[in-house]
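Asks: One structure is given below, represented as structure tokens, and several questions about it will come after.
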Amino acid sequence: MYDAVLSETVTITGHEGDAIEAYAARPLTPGPVGGVVVLHHLPGYDRQTKEFTRSLAVGGFNAVMPNLYSREAPGAEPSDAMATARASGAIPIPDERIVGEVAGAIAYLNGLGNANGKIGVIGHCSGGRQSFLAAVSLPLDAAVDCYGGFVVGTPPAGHPLAGWEPLVTKTAELSCPLLGLFGSEDVSPSPAHVAELEAALQAAGKTYKFRSYEGANHGFMQADSARYHPTSAVDAWAEILAWFGRYLAA
Amino acid sequence: MCTYLTEKVAIGGSAKGASGWFRVTEGSVYFDHPVHAPYGHTLNIDFLAPAEGPSARVAVELTAESARALMKAIEAVLESAPPGLE
């Protein structure tokens, strides 16, 4: 079986036509294959999220991860870019800009020679929220939310997200099937938040699958983190590849 | 969870980073996911000089307990210093 994969840093056209850095990985097969946009967590465009991106390519999908802090610190080391974005007040990044970056990433994926035109999105932590955001804002074929906080619930006064409308109110606009991967020990999203999101999906008649892993906490898929929960992470990866395999097939 | 919370503070002083010493002009303080420390959340401080670019940065990621102990130590040293030295 031919299993070569190419991964590299590329430049894509993001929100408002701006050139931004991204990390891409794709199987070197003629295809056609589906494409996945990867949204990194708040600490940035880092080693482990690049590994997520490569794992999707190994799984048979074209994948691209926009560097969401590329505008604030072009070419900087990822944790320095995150720090610059924080210090400049760019975090949290406005939802409109995230949707623009994802739209640019989709255009990149659809321009690849082996693309089948099917597009999914996945993100973890803050990227999980942004994955749901993309799925209620853009026409997609599949989405995965890995423990995204603040999809449900109202941030308290003074919080940087205070005044942002909870994304759960847009559930009726969800454009694709949603896979949700959560930990029973997480406080954001808590099991109550997950239940509220599930009720909204049911009320809207949406296709979804949720897995809540017993004993797992926020970030349980991040191999570089103390929160890594191997048995849950291995199962979650199987769920992800099966979900995209089902909904991104030509 | 990502807290997103960041407090900024103006700073006068210096820090030693990967390229040597530089003048620090501002700091960011936040309690959020660390990049390196093996904990879910840490109290993070970035000592920055934005005019010198993103790499002019000294970063620490501390457990909440360590951060509180550090605050007490700083207060104790400043309080015990002879007056008039600032």
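Each chain in the structure tokens gets a letter, A, B and so on, in the order shown; residues start at 1 in every chain, and ligands are counted from 1 in the order they appear.
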Enumerate, as a ChimeraX atom specification, the complete set of residues in chain B that a backbone-based DSSP assignment places in strand (DSSP E or B).
Replies: /B:7-17,20-32,42-48,57-62
Asks: For a quick test of understanding: name the residues of chain B lying within 9 Å of chain A when counting only C-alpha atoms, and present them as a ChimeraX atom specification.
Replies: /B:1-8,26-28,32-40,46,48,50,53-57,59
Asks: Pick out the residues sitting within 12 Å of A:Leu112, and hand them over as a ChimeraX atom specification; count only C-alpha atoms, and ignore anything fewer than 4 positions along from it in its own chain.
Replies: /A:24-35,61-64,105-108,116-118
Asks: Counting only C-alpha atoms, which of A:Val58, A:Ile240, A:Cys176, A:Ile98 gets nearest to A:Glu16?
Replies: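 Of A:Val58, A:Ile240, A:Cys176, A:Ile98, the one nearest A:Glu16 is A:Ile98, counting only C-alpha atoms.
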Asks: Pick out the residues sitting within 9 Å of B:Ala15, and hand them over as a PDB file with C-alpha atoms, in the first residue's frame; count only C-alpha atoms, and ignore anything fewer than 5 positions along from it in its own chain.
Replies:
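Now in around.pdb:
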ATOM      1  CA  GLY B  20      20.687  38.138  25.723  1.00  0.00           C
ATOM      2  CA  TRP B  21      19.512  41.063  27.815  1.00  0.00           C
ATOM      3  CA  PHE B  22      16.844  43.474  26.634  1.00  0.00           C
ATOM      4  CA  ARG B  23      14.811  46.314  28.092  1.00  0.00           C
ATOM      5  CA  VAL B  24      11.316  45.208  29.133  1.00  0.00           C
ATOM      6  CA  PHE B  47       7.980  40.018  29.996  1.00  0.00           C
ATOM      7  CA  LEU B  48       7.940  41.792  26.641  1.00  0.00           C
ATOM      8  CA  ARG B  57      10.129  37.756  25.477  1.00  0.00           C
ATOM      9  CA  VAL B  58      10.863  36.006  28.724  1.00  0.00           C
TER      10      VAL B  58
END
Asks: Do a neighbour search on A:Leu201 at 9 Å with only C-alpha atoms, toss out local chain neighbours closer than 3 positions, and write the hits as a ChimeraX atom specification.
Replies: /A:168,171-172,174,196-198,204-208
Asks: Could you give me the residues within stretch 23-223 of chain A that DSSP places in alpha helix (DSSP H), as an MDAnalysis selection string?
Replies: chainID A and resid 47:58 78:87 95:110 126:137 191:203
Asks: Can you tell me how far atom CA of B:Ile74 sits from atom CA of B:Ala18, in Å to one decimal?
Replies: 24.6 Å
Asks: Could you give me, as an NGL selection string, the residues within 6 Å of B:Phe31, counting only C-alpha atoms and dropping anything in the same chain fewer than 4 positions from it?
Replies: :B and (42-44)
Asks: Return the single residue from B:His41, B:Met71, B:Tyr30, B:Glu61 that is closest to B:Val9, with distances computed using only C-alpha atoms.
Replies: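 Using only C-alpha atoms, B:Val9 sits closest to B:Tyr30.
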Asks: Just how far from atom CA of A:Asp18 is atom CA of A:Pro166, in Å to one decimal?
Replies: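 Separating atom CA of A:Pro166 from atom CA of A:Asp18 is a distance of 27.8 Å.
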Asks: Tell me, in Å to one decimal, how far atom CA of A:Leu181 is from atom CA of A:Asn110.
Replies: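 Between atom CA of A:Leu181 and atom CA of A:Asn110 the gap works out to 26.6 Å.
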Asks: When you count only C-alpha atoms, which of these residues is closest to A:Ala22: A:Gly59, A:Gly163, A:Glu8, A:Met65?
Replies: A:Met65
